[in-house]
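Novice: What follows is run28.txt; its format and atoms are compact mmCIF, C-alpha atoms.
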```txt
# COMPACT_ATOMS: atom_id res chain seq x y z
CA ASP V 1 42.40 -42.72 -38.39
CA ASN V 2 44.86 -44.12 -35.84
CA ILE V 3 43.38 -41.98 -33.07
CA PHE V 4 39.92 -43.36 -33.78
CA CYS V 5 41.27 -46.92 -33.94
CA ILE V 6 42.87 -46.54 -30.51
CA LEU V 7 39.74 -44.92 -29.02
CA SER V 8 37.58 -47.64 -30.53
CA ALA V 9 39.93 -50.32 -29.18
CA ILE V 10 39.71 -48.81 -25.69
CA LEU V 11 35.91 -48.88 -25.89
CA TRP V 12 35.97 -52.51 -27.07
CA LEU V 13 38.32 -53.39 -24.22
CA GLY V 14 35.80 -51.91 -21.79
CA ASN V 15 33.21 -54.34 -23.17
CA VAL V 16 35.37 -57.38 -22.41
CA GLU V 17 33.70 -59.28 -19.57
CA VAL V 18 35.73 -61.26 -17.08
CA LYS V 19 34.14 -64.19 -15.27
CA GLU V 20 35.46 -66.54 -12.63
CA THR V 21 35.48 -70.32 -12.88
CA ASP V 22 34.63 -72.61 -9.97
CA ASP V 23 38.32 -72.77 -9.03
CA ASP V 24 38.65 -68.93 -8.84
CA LYS V 25 40.39 -68.54 -12.20
CA ALA V 26 39.58 -65.55 -14.39
CA VAL V 27 38.38 -66.23 -17.94
CA ILE V 28 37.22 -63.94 -20.73
CA ALA V 29 33.45 -64.42 -20.97
CA ASN V 30 32.82 -62.77 -24.34
CA GLN V 31 35.31 -63.18 -27.18
CA PRO V 32 33.94 -60.75 -29.84
CA PRO V 33 34.91 -57.53 -27.96
CA LEU V 34 38.37 -58.94 -27.26
CA GLN V 35 38.67 -60.01 -30.89
CA ASN V 36 37.79 -56.49 -32.08
CA PHE V 37 40.23 -54.95 -29.57
CA CYS V 38 43.08 -57.16 -30.78
CA GLN V 39 42.26 -56.60 -34.44
CA LEU V 40 42.21 -52.80 -34.07
CA LEU V 41 45.61 -52.75 -32.35
CA GLY V 42 47.18 -55.61 -34.30
CA LEU V 43 47.63 -57.80 -31.22
CA ASP V 44 47.71 -61.58 -30.95
CA GLN V 45 44.46 -62.59 -29.23
CA LYS V 46 45.93 -65.60 -27.41
CA GLN V 47 48.76 -63.51 -25.95
CA THR V 48 46.29 -60.78 -24.96
CA VAL V 49 44.14 -63.29 -23.08
CA ILE V 50 47.23 -64.52 -21.24
CA ALA V 51 48.24 -60.96 -20.40
CA LEU V 52 44.77 -60.14 -19.05
CA THR V 53 44.16 -63.33 -17.06
CA LYS V 54 47.54 -64.62 -15.88
CA GLN V 55 50.42 -63.29 -13.82
CA GLN V 56 53.57 -62.92 -15.90
CA LEU V 57 56.88 -63.53 -14.15
CA ARG V 58 60.12 -62.48 -15.78
CA ILE V 59 63.13 -64.30 -14.34
CA GLN V 60 66.62 -63.36 -15.48
CA ASN V 61 68.26 -65.81 -17.90
CA ARG V 62 65.06 -67.84 -18.26
CA PRO V 63 62.60 -67.68 -21.13
CA PRO V 64 59.06 -66.58 -20.20
CA ASP V 65 56.41 -69.26 -19.81
CA PRO V 66 54.52 -69.31 -23.15
CA ASN V 67 51.29 -70.22 -21.32
CA GLY V 68 51.63 -67.46 -18.75
CA GLY V 69 51.88 -68.04 -15.04
CA LYS V 70 49.44 -68.22 -12.18
CA HIS V 71 45.83 -67.41 -13.03
CA PHE V 72 44.33 -64.14 -11.80
CA ASN V 73 41.01 -64.12 -9.99
CA LYS V 74 38.15 -62.08 -11.48
CA THR V 75 38.99 -58.94 -9.47
CA LYS V 76 42.66 -58.91 -10.46
CA ALA V 77 41.87 -59.61 -14.13
CA THR V 78 39.29 -56.80 -14.18
CA GLU V 79 41.82 -54.43 -12.60
CA THR V 80 44.38 -55.47 -15.23
CA ARG V 81 41.88 -54.83 -18.06
CA ASP V 82 41.03 -51.40 -16.63
CA ALA V 83 44.70 -50.51 -16.12
CA LEU V 84 45.42 -51.38 -19.75
CA ALA V 85 42.55 -49.18 -20.92
CA LYS V 86 43.77 -46.29 -18.75
CA ALA V 87 47.35 -46.69 -19.99
CA LEU V 88 46.23 -46.68 -23.62
CA TYR V 89 44.06 -43.61 -23.08
CA ALA V 90 46.81 -41.76 -21.17
CA GLY V 91 49.35 -42.57 -23.87
CA LEU V 92 46.99 -41.34 -26.59
CA PHE V 93 46.23 -38.15 -24.67
CA ASP V 94 49.94 -37.44 -24.09
CA TRP V 95 50.66 -38.05 -27.76
CA ILE V 96 47.88 -35.65 -28.85
CA VAL V 97 49.08 -32.89 -26.50
CA THR V 98 52.70 -33.39 -27.61
CA LYS V 99 51.70 -33.33 -31.27
CA LEU V 100 49.63 -30.16 -30.80
CA ASN V 101 52.41 -28.45 -28.87
CA HIS V 102 54.89 -29.38 -31.60
CA GLN V 103 52.59 -27.97 -34.29
CA LEU V 104 51.99 -24.76 -32.35
CA ARG V 105 55.67 -24.26 -31.68
CA GLY V 106 56.61 -24.12 -35.33
CA THR V 107 60.08 -22.65 -35.78
CA GLY V 108 59.79 -20.02 -33.06
CA ASP V 109 60.95 -19.94 -29.47
CA LEU V 110 60.34 -23.21 -27.62
CA ASN V 111 58.48 -21.45 -24.81
CA SER V 112 56.53 -18.94 -26.91
CA LYS V 113 53.42 -21.10 -27.42
CA PHE V 114 52.13 -24.07 -25.54
CA ILE V 115 48.97 -25.82 -24.46
CA GLY V 116 48.34 -26.07 -20.74
CA VAL V 117 45.63 -28.38 -19.47
CA LEU V 118 44.00 -27.40 -16.20
CA ASP V 119 41.02 -29.41 -15.01
CA ILE V 120 39.45 -27.69 -12.03
CA TYR V 121 35.84 -28.83 -12.28
CA GLY V 122 34.52 -30.05 -8.96
CA PHE V 123 37.27 -28.64 -6.74
CA GLU V 124 36.15 -25.04 -6.42
CA ASP V 125 34.00 -24.65 -3.33
CA PHE V 126 34.72 -21.35 -1.66
CA LYS V 127 31.82 -21.51 0.80
CA PRO V 128 33.08 -22.06 4.33
CA LYS V 129 31.92 -25.21 6.08
CA THR V 130 30.12 -25.07 9.41
CA ILE V 131 30.28 -28.05 11.70
CA ILE V 132 26.88 -28.78 13.24
CA ASN V 133 25.30 -31.66 15.11
CA LYS V 134 21.63 -31.17 14.24
CA ARG V 135 21.05 -34.83 13.42
CA LEU V 136 22.05 -35.94 16.88
CA SER V 137 20.37 -32.97 18.60
CA LEU V 138 23.55 -32.29 20.54
CA PRO V 139 24.26 -28.87 21.99
CA GLN V 140 26.83 -26.87 20.03
CA THR V 141 30.19 -26.36 21.65
CA PRO V 142 32.37 -23.40 20.60
CA VAL V 143 34.56 -25.73 18.50
CA GLN V 144 31.63 -27.40 16.77
CA SER V 145 29.97 -24.15 15.76
CA LYS V 146 33.19 -22.65 14.42
CA THR V 147 33.24 -21.92 10.70
CA LEU V 148 36.00 -23.77 8.90
CA ALA V 149 37.38 -22.99 5.46
CA LYS V 150 38.29 -26.09 3.49
CA ASN V 151 41.69 -25.61 1.88
CA SER V 152 43.18 -28.74 0.42
CA ILE V 153 46.35 -29.62 -1.41
CA GLU V 154 44.26 -30.01 -4.57
CA GLN V 155 43.05 -26.42 -4.30
CA PHE V 156 46.61 -25.21 -3.68
CA LEU V 157 47.89 -27.04 -6.77
CA ILE V 158 45.02 -25.74 -8.89
CA ASN V 159 45.73 -22.18 -7.81
CA PHE V 160 49.45 -22.65 -8.47
CA ALA V 161 48.84 -24.08 -11.96
CA ASN V 162 46.35 -21.31 -12.73
CA GLU V 163 48.90 -18.64 -11.76
CA LYS V 164 51.55 -20.31 -13.94
CA LEU V 165 49.17 -20.34 -16.88
CA HIS V 166 48.39 -16.65 -16.42
CA GLN V 167 52.11 -15.79 -16.32
CA GLN V 168 52.73 -17.37 -19.75
```
For the file at hand, write its structure as structure tokens.
Specialist:
Amino acid sequence: DNIFCILSAILWLGNVEVKETDDDKAVIANQPPLQNFCQLLGLDQKQTVIALTKQQLRIQNRPPDPNGGKHFNKTKATETRDALAKALYAGLFDWIVTKLNHQLRGTGDLNSKFIGVLDIYGFEDFKPKTIINKRLSLPQTPVQSKTLAKNSIEQFLINFANEKLHQQ
């Protein structure tokens, strides 16, 4: 149930709209999604609004400002909301993978069983690229008509991870 509560909270957080006042201060435009988000995670709604819309400064030996600090603009508040959603999702994903790995391990060797996640969709393009200037109707020079293979660091890392998975 906790997994579904966290996923639901993330979805509710995505529905929270941030608007900007005339003096460039971010405000939460719709309270019901924020209310549902806070209720699902057991958070104080007032403190959540402060965290999403105001800059928090922590100064050594001084108590934090209970009303928050400087107001964010709409862009910064939206980025903060999105970063919170990503952090919650990443934490949940890491917890699920850790839990599954722990269950698979059982009492055997620590390295005998594991789950490896390799996401390669969209990176595999083994067709070589040809540079051409047809749109501009320019004559082809030897360099422009050369066929180039696109090898990126992403492809290298994917191949490396794939080899590691096959060695297990």
Novice: Can you pull out every residue within 12 Å of region 19-36 of chain V, counting only C-alpha atoms, but drop anything in the same chain fewer than 3 positions away, and send it as JSON, numbers by chain?
Specialist: {"V": [5, 6, 8, 9, 10, 11, 12, 13, 14, 15, 16, 39, 40, 41, 42, 43, 44, 45, 46, 47, 48, 49, 50, 51, 52, 53, 54, 55, 69, 70, 71, 72, 73, 74, 75, 76, 77, 78, 79, 80, 81]}
Novice: Could you check how far CA of Leu84 (chain V) sits from CA of Val97 (chain V), in Å to one decimal?
Specialist: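 Interatomic distance, CA of Leu84 (chain V) to CA of Val97 (chain V): 20.0 Å.
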Novice: I'd like the interatomic distance between CA of Val18 (chain V) and CA of Asp82 (chain V), to a tenth of an Å.
Specialist: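 Distance between the two atoms: 11.2 Å.
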Novice: By how many Å are CA of Ala83 (chain V) and CA of Ile59 (chain V) apart?
Specialist: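 If I compute the distance from CA of Ala83 (chain V) to CA of Ile59 (chain V), I get 23.1 Å.
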Novice: I'd like the box whose edges run along x, y and z of the file and which contains every listed atom of region 22-31 of chain V, padded by 5 Å per side; could you state its centre and edge lengths in Å, one decimal, as AutoDock Vina command-line options?
Specialist:
```
--center_x 36.6 --center_y -67.8 --center_z -18.0 --size_x 17.6 --size_y 20.0 --size_z 28.3
```
